[in-house]
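Containing mmCIF, C-alpha atoms: input.cif.
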data_coords
loop_
_atom_site.label_atom_id
_atom_site.label_comp_id
_atom_site.auth_asym_id
_atom_site.auth_seq_id
_atom_site.Cartn_x
_atom_site.Cartn_y
_atom_site.Cartn_z
CA MET A 100 -1.48 37.81 -60.53
CA ALA A 101 -4.38 39.41 -58.66
CA SER A 102 -6.47 36.30 -59.34
CA TRP A 103 -3.75 34.04 -57.95
CA VAL A 104 -3.39 36.16 -54.79
CA PHE A 105 -7.15 36.12 -54.28
CA CYS A 106 -7.30 32.32 -54.55
CA PHE A 107 -4.38 31.96 -52.12
CA LEU A 108 -6.00 34.26 -49.55
CA LEU A 109 -9.32 32.45 -49.95
CA ALA A 110 -7.62 29.10 -49.31
CA ILE A 111 -5.86 30.43 -46.21
CA THR A 112 -9.12 31.92 -44.87
CA THR A 113 -10.97 28.66 -45.48
CA PHE A 114 -8.22 26.68 -43.72
CA ILE A 115 -8.22 29.00 -40.71
CA ALA A 116 -12.00 28.90 -40.47
CA PHE A 117 -12.02 25.11 -40.79
CA ASP A 118 -9.19 24.82 -38.27
CA SER A 119 -11.05 27.02 -35.77
CA VAL A 120 -14.15 24.88 -36.09
CA PHE A 121 -12.02 21.76 -35.68
CA VAL A 122 -10.36 23.10 -32.53
CA ARG A 123 -13.69 24.05 -31.00
CA ALA A 124 -15.11 20.63 -31.82
CA ALA A 125 -12.12 18.92 -30.25
CA TYR A 126 -12.74 20.70 -26.96
CA THR A 127 -16.49 20.11 -26.91
CA VAL A 128 -16.40 16.34 -27.32
CA PRO A 129 -17.85 15.02 -24.02
CA ARG A 130 -15.46 12.96 -21.96
CA ALA A 131 -16.48 9.67 -20.44
CA PRO A 132 -16.79 9.95 -16.64
CA THR A 133 -13.90 8.68 -14.56
CA VAL A 134 -14.80 5.30 -13.09
CA TYR A 135 -12.81 3.96 -10.16
CA ARG A 136 -11.64 0.36 -10.56
CA PRO A 137 -10.74 -2.18 -7.84
CA SER A 138 -7.10 -2.40 -6.79
CA ALA A 139 -4.96 -5.51 -6.44
CA TRP A 140 -5.30 -7.66 -3.32
CA ARG A 141 -2.86 -6.92 -0.49
CA PHE A 142 -2.02 -8.48 2.87
CA ALA A 143 -2.91 -6.98 6.27
CA HIS A 144 -4.52 -7.89 9.60
CA ALA A 145 -7.89 -7.15 11.13
CA THR A 146 -9.40 -6.95 14.61
CA PHE A 147 -12.76 -5.61 15.81
CA TYR A 148 -14.05 -3.15 18.38
CA GLY A 149 -17.40 -2.75 20.07
CA ASP A 150 -20.23 -5.28 20.21
CA GLU A 151 -22.84 -6.61 17.79
CA SER A 152 -24.80 -3.34 17.90
CA ALA A 153 -21.75 -1.39 16.66
CA SER A 154 -22.90 1.49 18.88
CA SER A 155 -19.31 2.29 19.89
CA THR A 156 -18.37 2.88 16.25
CA MET A 157 -20.71 5.87 15.91
CA GLY A 158 -18.99 9.19 15.37
CA GLY A 159 -15.34 8.51 14.68
CA ALA A 160 -12.47 10.56 13.34
CA CYS A 161 -14.06 11.08 9.93
CA GLY A 162 -16.96 12.99 11.45
CA TYR A 163 -19.80 11.04 9.88
CA GLY A 164 -21.84 11.11 13.09
CA ASN A 165 -24.51 8.44 13.31
CA LEU A 166 -23.32 5.87 10.77
CA ILE A 167 -26.72 4.22 10.58
CA THR A 168 -28.79 7.30 9.78
CA ASN A 169 -26.10 8.63 7.44
CA GLY A 170 -26.12 5.50 5.32
CA TYR A 171 -22.90 3.70 6.29
CA GLY A 172 -24.47 1.05 8.49
CA THR A 173 -22.28 -1.34 10.48
CA ASN A 174 -19.95 -2.33 7.64
CA THR A 175 -17.24 0.08 8.74
CA ALA A 176 -13.68 0.07 10.02
CA ALA A 177 -11.05 2.23 11.65
CA LEU A 178 -7.80 2.34 9.68
CA SER A 179 -4.26 2.41 11.01
CA SER A 180 -2.50 5.73 10.39
CA THR A 181 -0.41 4.10 7.64
CA ILE A 182 -3.45 4.10 5.34
CA PHE A 183 -5.66 6.68 7.10
CA SER A 184 -3.57 9.37 5.40
CA ASN A 185 -4.44 12.14 7.86
CA GLY A 186 -8.13 11.74 7.09
CA TYR A 187 -7.94 11.74 3.32
CA ALA A 188 -8.85 8.02 3.36
CA CYS A 189 -12.22 8.76 4.97
CA GLY A 190 -14.99 7.31 2.85
CA GLN A 191 -12.80 4.83 0.97
CA CYS A 192 -14.27 1.36 0.50
CA TYR A 193 -12.49 -1.95 0.96
CA GLN A 194 -13.23 -5.61 0.44
CA MET A 195 -11.55 -8.06 2.76
CA LYS A 196 -11.42 -11.76 3.41
CA CYS A 197 -9.83 -13.76 6.19
CA VAL A 198 -6.88 -15.99 5.25
CA GLN A 199 -4.43 -18.38 6.90
CA SER A 200 -6.41 -18.80 10.12
CA PRO A 201 -8.58 -21.64 11.49
CA TRP A 202 -11.04 -18.95 12.61
CA CYS A 203 -11.75 -17.79 9.04
CA SER A 204 -15.20 -17.82 7.51
CA LYS A 205 -15.78 -17.92 3.77
CA GLY A 206 -17.48 -14.54 3.63
CA ILE A 207 -16.16 -11.30 2.15
CA ALA A 208 -16.90 -8.01 3.90
CA THR A 209 -17.14 -4.67 2.11
CA ILE A 210 -16.47 -1.83 4.53
CA THR A 211 -16.16 1.95 4.54
CA ALA A 212 -13.34 3.77 6.33
CA THR A 213 -15.00 5.90 9.01
CA ASN A 214 -12.46 6.12 11.83
CA LEU A 215 -8.79 6.15 12.81
CA CYS A 216 -7.14 3.33 14.75
CA PRO A 217 -4.37 5.22 16.59
CA PRO A 218 -0.99 3.74 17.53
CA ASN A 219 -0.51 2.22 20.96
CA TRP A 220 3.21 2.60 21.57
CA SER A 221 2.94 1.06 25.05
CA LYS A 222 2.50 -2.33 23.35
CA ASP A 223 4.55 -4.26 20.85
CA SER A 224 3.25 -4.07 17.29
CA ASN A 225 2.72 -7.83 17.30
CA LYS A 226 1.23 -8.01 20.80
CA GLY A 227 -1.58 -5.50 21.07
CA GLY A 228 -0.13 -2.52 19.24
CA TRP A 229 -1.87 -3.67 16.09
CA CYS A 230 -2.23 -0.18 14.62
CA ASN A 231 1.35 0.93 15.19
CA PRO A 232 3.05 2.13 11.99
CA PRO A 233 4.12 0.79 9.60
CA ARG A 234 1.45 -1.90 10.00
CA THR A 235 -1.57 -1.85 7.71
CA HIS A 236 -4.45 -2.73 9.98
CA PHE A 237 -8.26 -2.64 9.99
CA ASP A 238 -10.13 -2.38 13.29
CA MET A 239 -13.58 -3.41 12.09
CA ALA A 240 -17.04 -2.97 13.54
CA LYS A 241 -17.88 -6.33 15.10
CA PRO A 242 -20.78 -7.14 12.70
CA ALA A 243 -18.43 -6.63 9.74
CA PHE A 244 -15.66 -8.70 11.34
CA MET A 245 -18.07 -11.58 11.96
CA LYS A 246 -18.67 -11.82 8.21
CA ILE A 247 -15.08 -12.93 7.66
CA ALA A 248 -14.08 -14.68 10.90
CA GLN A 249 -15.26 -15.90 14.28
CA TRP A 250 -15.05 -13.12 16.84
CA LYS A 251 -13.15 -15.38 19.27
CA ALA A 252 -10.12 -15.09 16.99
CA GLY A 253 -9.48 -11.53 18.12
CA ILE A 254 -7.08 -10.85 15.24
CA VAL A 255 -6.81 -12.55 11.85
CA PRO A 256 -4.68 -12.14 8.70
CA VAL A 257 -6.68 -10.73 5.79
CA MET A 258 -6.38 -9.99 2.11
CA TYR A 259 -7.87 -6.61 1.22
CA ARG A 260 -8.37 -4.40 -1.80
CA ARG A 261 -9.83 -0.98 -2.57
CA VAL A 262 -13.16 -1.16 -4.40
CA PRO A 263 -15.57 1.45 -5.77
CA CYS A 264 -18.01 2.87 -3.25
CA VAL A 265 -21.55 2.23 -4.43
CA ARG A 266 -23.79 5.01 -3.12
CA LYS A 267 -27.42 5.89 -3.76
CA GLY A 268 -28.09 9.48 -4.75
CA GLY A 269 -25.76 12.43 -4.74
CA LEU A 270 -23.10 13.81 -2.42
CA ARG A 271 -24.29 14.99 0.98
CA PHE A 272 -23.02 18.10 2.74
CA SER A 273 -23.54 18.50 6.49
CA PHE A 274 -23.14 22.12 7.66
CA GLN A 275 -21.51 23.18 10.95
CA GLY A 276 -19.68 26.32 12.09
CA ASN A 277 -20.96 29.85 12.62
CA GLY A 278 -21.75 33.02 10.67
CA TYR A 279 -18.10 33.59 9.74
CA TRP A 280 -16.88 30.01 9.48
CA LEU A 281 -18.51 27.28 7.41
CA LEU A 282 -17.46 23.71 8.26
CA VAL A 283 -18.77 21.08 5.86
CA TYR A 284 -18.68 17.29 6.28
CA VAL A 285 -18.87 15.51 2.92
CA MET A 286 -20.70 12.18 2.98
CA ASN A 287 -22.15 9.56 0.63
CA VAL A 288 -19.18 9.89 -1.73
CA GLY A 289 -19.23 7.37 -4.58
CA GLY A 290 -16.39 6.14 -6.79
CA ALA A 291 -13.09 6.18 -4.90
CA GLY A 292 -15.03 7.52 -1.90
CA ASP A 293 -12.51 10.19 -0.91
CA ILE A 294 -12.00 13.95 -1.26
CA LYS A 295 -8.70 15.77 -1.77
CA SER A 296 -9.82 19.37 -2.12
CA MET A 297 -12.99 21.42 -2.12
CA TRP A 298 -14.31 24.88 -3.04
CA VAL A 299 -17.52 26.74 -2.20
CA LYS A 300 -19.28 29.45 -4.19
CA GLY A 301 -22.10 31.68 -3.05
CA THR A 302 -24.39 33.49 -5.45
CA LYS A 303 -22.50 36.70 -4.58
CA THR A 304 -18.95 35.32 -4.47
CA ALA A 305 -16.33 33.75 -6.68
CA TRP A 306 -15.09 30.23 -5.93
CA ILE A 307 -13.51 30.11 -2.45
CA SER A 308 -10.93 27.44 -1.66
CA MET A 309 -11.80 25.42 1.46
CA SER A 310 -9.03 24.03 3.67
CA HIS A 311 -8.99 20.48 4.99
CA ASN A 312 -9.99 20.51 8.65
CA TRP A 313 -9.85 16.82 9.60
CA GLY A 314 -11.39 13.60 8.43
CA ALA A 315 -14.08 14.31 5.86
CA SER A 316 -14.53 17.98 6.79
CA TYR A 317 -13.55 21.15 4.92
CA GLN A 318 -13.80 24.75 6.07
CA ALA A 319 -14.15 28.23 4.63
CA PHE A 320 -13.61 31.38 6.68
CA ALA A 321 -16.18 33.52 4.88
CA THR A 322 -19.57 35.13 5.38
CA LEU A 323 -21.92 33.17 3.15
CA ARG A 324 -25.28 33.70 4.83
CA GLY A 325 -28.18 34.54 2.55
CA GLN A 326 -26.57 32.96 -0.51
CA ALA A 327 -27.31 29.72 -2.34
CA LEU A 328 -24.18 27.57 -2.18
CA SER A 329 -22.46 25.42 -4.80
CA PHE A 330 -19.47 23.12 -4.23
CA ARG A 331 -16.60 21.87 -6.37
CA LEU A 332 -14.72 18.75 -5.24
CA THR A 333 -11.66 16.79 -6.36
CA SER A 334 -11.18 13.11 -5.55
CA TYR A 335 -8.04 12.25 -3.56
CA THR A 336 -7.47 9.04 -5.53
CA THR A 337 -8.66 9.69 -9.09
CA LYS A 338 -8.07 13.49 -9.15
CA GLN A 339 -11.43 13.84 -10.91
CA THR A 340 -13.25 17.13 -10.24
CA ILE A 341 -17.02 17.53 -10.22
CA THR A 342 -19.24 20.51 -9.47
CA ALA A 343 -22.46 20.40 -7.48
CA TYR A 344 -24.48 23.51 -8.25
CA ASN A 345 -27.04 25.10 -5.91
CA VAL A 346 -26.71 22.42 -3.25
CA ALA A 347 -28.07 24.60 -0.44
CA PRO A 348 -30.73 27.33 -0.82
CA ALA A 349 -30.14 30.92 0.24
CA LYS A 350 -31.89 30.22 3.55
CA TRP A 351 -29.60 27.32 4.51
CA ASN A 352 -28.96 26.60 8.19
CA LEU A 353 -26.20 25.10 10.28
CA GLY A 354 -26.90 21.63 11.60
CA LEU A 355 -28.67 20.53 8.42
CA THR A 356 -27.53 18.21 5.63
CA TYR A 357 -28.05 19.04 1.97
CA GLN A 358 -27.87 16.58 -0.93
CA ALA A 359 -26.53 17.26 -4.41
CA ASN A 360 -27.67 15.60 -7.62
CA VAL A 361 -24.12 14.59 -8.68
CA ASN A 362 -21.60 12.05 -7.41
CA PHE A 363 -18.35 10.32 -8.32
CA HIS A 364 -18.41 6.91 -10.01
#

Serialized structure, structure tokens:
Amino acid sequence: MASWVFCFLLAITTFIAFDSVFVRAAYTVPRAPTVYRPSAWRFAHATFYGDESASSTMGGACGYGNLITNGYGTNTAALSSTIFSNGYACGQCYQMKCVQSPWCSKGIATITATNLCPPNWSKDSNKGGWCNPPRTHFDMAKPAFMKIAQWKAGIVPVMYRRVPCVRKGGLRFSFQGNGYWLLVYVMNVGGAGDIKSMWVKGTKTAWISMSHNWGASYQAFATLRGQALSFRLTSYTTKQTITAYNVAPAKWNLGLTYQANVNFH
């Protein structure tokens, strides 16, 4: 009897030990990174603003500042509020081609959302109020528009789709604010290109949730001077979360931009 009990207990112990190892192994298997895939093609319209230099497109509601020096170039567009999503669409990338117009070219433009095209309720949606909801509309930088149509057209029908944002290097964080308020603009976002939520951690703090300010900016009301800073970000589209450790050194300064070594795909 004692021998039988001993064998039974040994079997149970072995099973539990094996099961524990199995459970640990199951949770340590590395997951493949989330990769954003192109969407289906959809119908919209496009216009342009500014001239060939695209100087009037600098800045914008997303807060990217100088689009040339910050890597976005002149392939950009302002989105109607229907797809701007209160700034959460900032950084998203789109392909578009002109259709159903004698002014169309054969080219395809790939643009980044960097600005808002606000409604103009003083004009009819089909006669100048191009960005009035519920219209889906792209107000493109002129150099980007000229890749898909002749500028004399003014407005053209387009087919568009979301595509992955191809970026070189890691995420970039531009610091603004003051000693008690850190405002961070997130740039050079790969993958789906957008951010839903963000956290900051100093070397002396736990993770602090940052609130969405506007466009591509997030803020934390905290005193973080003298601490190296790490950031955790979640994509608005894919819901993937990545962590960028030690992005800024302890002697970071406002007005500077710091680059991480990680990015979305």

*Kindly resolve the PyMOL selection byres ((chain A and resi 189-204) around 9) on the present coordinates and return the residues as an MDAnalysis selection string.*
chainID A and resid 137 140 144:145 160:161 175 183:188 205:215 245:252 255:265 286:294 314:315

*Specify as a PyMOL selection string each residue included when the PyMOL selection byres ((chain A and resi 348-354) around 6) is applied to this file.*
chain A and resi 274-275+325-327+347+355

Report, as AutoDock Vina command-line options, the axis-aligned box around all atoms of segment 335-348 of chain A present in the file, extended by 3 Å on each side; give centre and edge lengths in Å to one decimal place.
--center_x -19.1 --center_y 18.2 --center_z -5.7 --size_x 29.3 --size_y 24.3 --size_z 16.5

*For atom CA of Asp223 of chain A and atom CA of Thr146 of chain A, determine how far apart the two atoms are, in Å to one decimal place.*
15.5 Å

*Pick from A:Leu328, A:Ser273, A:Val299, A:Phe142: nearest to Gly164 of chain A, with all atoms listed in the file counted?*
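Under the stated criterion, the closest residue is A:Ser273.
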
So which residues touch Pro232 of chain A within 12 Å, counting all atoms listed in the file, skipping near sequence neighbours fewer than 6 positions away, as a PDB file with C-alpha atoms, in the frame of the given file?
ATOM      1  CA  LEU A 178      -7.800   2.340   9.680  1.00  0.00           C
ATOM      2  CA  SER A 179      -4.260   2.410  11.010  1.00  0.00           C
ATOM      3  CA  SER A 180      -2.500   5.730  10.390  1.00  0.00           C
ATOM      4  CA  THR A 181      -0.410   4.100   7.640  1.00  0.00           C
ATOM      5  CA  ILE A 182      -3.450   4.100   5.340  1.00  0.00           C
ATOM      6  CA  PHE A 183      -5.660   6.680   7.100  1.00  0.00           C
ATOM      7  CA  SER A 184      -3.570   9.370   5.400  1.00  0.00           C
ATOM      8  CA  CYS A 216      -7.140   3.330  14.750  1.00  0.00           C
ATOM      9  CA  PRO A 217      -4.370   5.220  16.590  1.00  0.00           C
ATOM     10  CA  PRO A 218      -0.990   3.740  17.530  1.00  0.00           C
ATOM     11  CA  ASN A 219      -0.510   2.220  20.960  1.00  0.00           C
ATOM     12  CA  TRP A 220       3.210   2.600  21.570  1.00  0.00           C
ATOM     13  CA  ASP A 223       4.550  -4.260  20.850  1.00  0.00           C
ATOM     14  CA  SER A 224       3.250  -4.070  17.290  1.00  0.00           C
ATOM     15  CA  ASN A 225       2.720  -7.830  17.300  1.00  0.00           C
TER      16      ASN A 225
END

*Exactly which residues make up the result of the PyMOL selection byres ((chain A and resi 272) around 7) on this file, given as a PyMOL selection string?*
chain A and resi 270-271+273-274+283-286+356-358

*Find the distance between atom CA of Gly253 of chain A and atom CA of Ala139 of chain A and write it in Å to one decimal.*
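Going from atom CA of Gly253 of chain A over to atom CA of Ala139 of chain A covers 25.7 Å.
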
_Just checking: using all atoms listed in the file, which residue out of A:Thr235, A:Thr168, A:Tyr163, A:Thr173 ends up closest to Asp150 of chain A?_
A:Thr173

*Would you work out the distance separating atom CA of Met309 of chain A from atom CA of Leu281 of chain A, expressed in Å to one decimal?*
9.2 Å

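Proximity to Lys300 of chain A at 9 Å, evaluated using only C-alpha atoms and with sequence-adjacent residues fewer than 6 positions away removed, yields Trp306, Ile307, Ser308, Leu323, Gln326, Ala327, Leu328, Ser329, Phe330, Arg331 and Tyr344 of chain A.
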
*Identify which of the residues A:Val134, A:Ala143, A:Val346, A:Leu166 lies closest to Ile254 of chain A, counting all atoms listed in the file when measuring atom-to-atom distances.*
A:Ala143

Subset file as a CSV table (one decimal), in the first residue's frame: segment 158-170 of chain A, all heavy atoms:
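Contents of the output file out-v4.csv:
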chain,number,residue,atom,x,y,z
A,158,GLY,N,4.3,72.8,-40.6
A,158,GLY,CA,3.5,72.9,-39.4
A,158,GLY,C,2.3,72.0,-39.5
A,158,GLY,O,2.5,70.8,-39.7
A,159,GLY,N,1.2,72.6,-39.4
A,159,GLY,CA,0.0,71.7,-39.5
A,159,GLY,C,-0.5,71.2,-38.2
A,159,GLY,O,0.1,71.3,-37.2
A,160,ALA,N,-1.7,70.7,-38.2
A,160,ALA,CA,-2.4,70.3,-37.0
A,160,ALA,C,-1.8,69.2,-36.3
A,160,ALA,O,-2.0,69.0,-35.1
A,160,ALA,CB,-3.9,70.0,-37.3
A,161,CYS,N,-1.0,68.4,-37.0
A,161,CYS,CA,-0.4,67.2,-36.3
A,161,CYS,C,0.8,67.7,-35.5
A,161,CYS,O,1.3,66.9,-34.6
A,161,CYS,CB,0.1,66.2,-37.3
A,161,CYS,SG,-1.3,65.3,-38.1
A,162,GLY,N,1.4,68.8,-35.8
A,162,GLY,CA,2.5,69.3,-35.0
A,162,GLY,C,3.9,68.9,-35.4
A,162,GLY,O,4.8,68.9,-34.6
A,163,TYR,N,4.0,68.4,-36.6
A,163,TYR,CA,5.3,67.9,-37.1
A,163,TYR,C,6.3,69.0,-37.4
A,163,TYR,O,7.5,68.6,-37.7
A,163,TYR,CB,5.1,67.0,-38.3
A,163,TYR,CG,4.3,65.7,-38.0
A,163,TYR,CD1,3.4,65.3,-38.9
A,163,TYR,CD2,4.6,65.0,-36.8
A,163,TYR,CE1,2.7,64.1,-38.6
A,163,TYR,CE2,3.9,63.8,-36.6
A,163,TYR,CZ,2.9,63.4,-37.5
A,163,TYR,OH,2.2,62.2,-37.2
A,164,GLY,N,5.9,70.2,-37.4
A,164,GLY,CA,6.9,71.3,-37.6
A,164,GLY,C,7.3,71.3,-39.1
A,164,GLY,O,6.5,71.2,-40.0
A,165,ASN,N,8.6,71.5,-39.3
A,165,ASN,CA,9.2,71.5,-40.6
A,165,ASN,C,9.1,70.1,-41.2
A,165,ASN,O,9.9,69.2,-40.8
A,165,ASN,CB,10.6,72.0,-40.6
A,165,ASN,CG,11.1,72.3,-42.0
A,165,ASN,OD1,11.1,71.4,-42.9
A,165,ASN,ND2,11.7,73.5,-42.2
A,166,LEU,N,8.3,69.9,-42.2
A,166,LEU,CA,8.1,68.5,-42.7
A,166,LEU,C,9.3,68.0,-43.5
A,166,LEU,O,9.5,66.8,-43.6
A,166,LEU,CB,6.8,68.5,-43.6
A,166,LEU,CG,5.5,68.9,-42.9
A,166,LEU,CD1,4.4,68.9,-43.9
A,166,LEU,CD2,5.2,67.9,-41.8
A,167,ILE,N,10.1,68.9,-44.0
A,167,ILE,CA,11.3,68.5,-44.7
A,167,ILE,C,12.3,68.0,-43.8
A,167,ILE,O,12.8,66.9,-43.9
A,167,ILE,CB,11.8,69.7,-45.6
A,167,ILE,CG1,10.7,70.3,-46.5
A,167,ILE,CG2,13.0,69.2,-46.4
A,167,ILE,CD1,10.2,69.3,-47.5
A,168,THR,N,12.7,68.8,-42.8
A,168,THR,CA,13.8,68.4,-41.9
A,168,THR,C,13.3,67.2,-41.0
A,168,THR,O,14.2,66.5,-40.5
A,168,THR,CB,14.2,69.6,-41.0
A,168,THR,OG1,13.0,70.1,-40.2
A,168,THR,CG2,14.7,70.7,-41.8
A,169,ASN,N,12.0,67.1,-40.8
A,169,ASN,CA,11.6,65.9,-39.9
A,169,ASN,C,11.2,64.7,-40.7
A,169,ASN,O,10.7,63.7,-40.2
A,169,ASN,CB,10.4,66.4,-39.1
A,169,ASN,CG,10.8,67.3,-37.9
A,169,ASN,OD1,11.8,67.1,-37.3
A,169,ASN,ND2,10.0,68.3,-37.6
A,170,GLY,N,11.6,64.7,-42.0
A,170,GLY,CA,11.5,63.4,-42.8
A,170,GLY,C,10.3,63.1,-43.5
A,170,GLY,O,10.2,62.1,-44.2
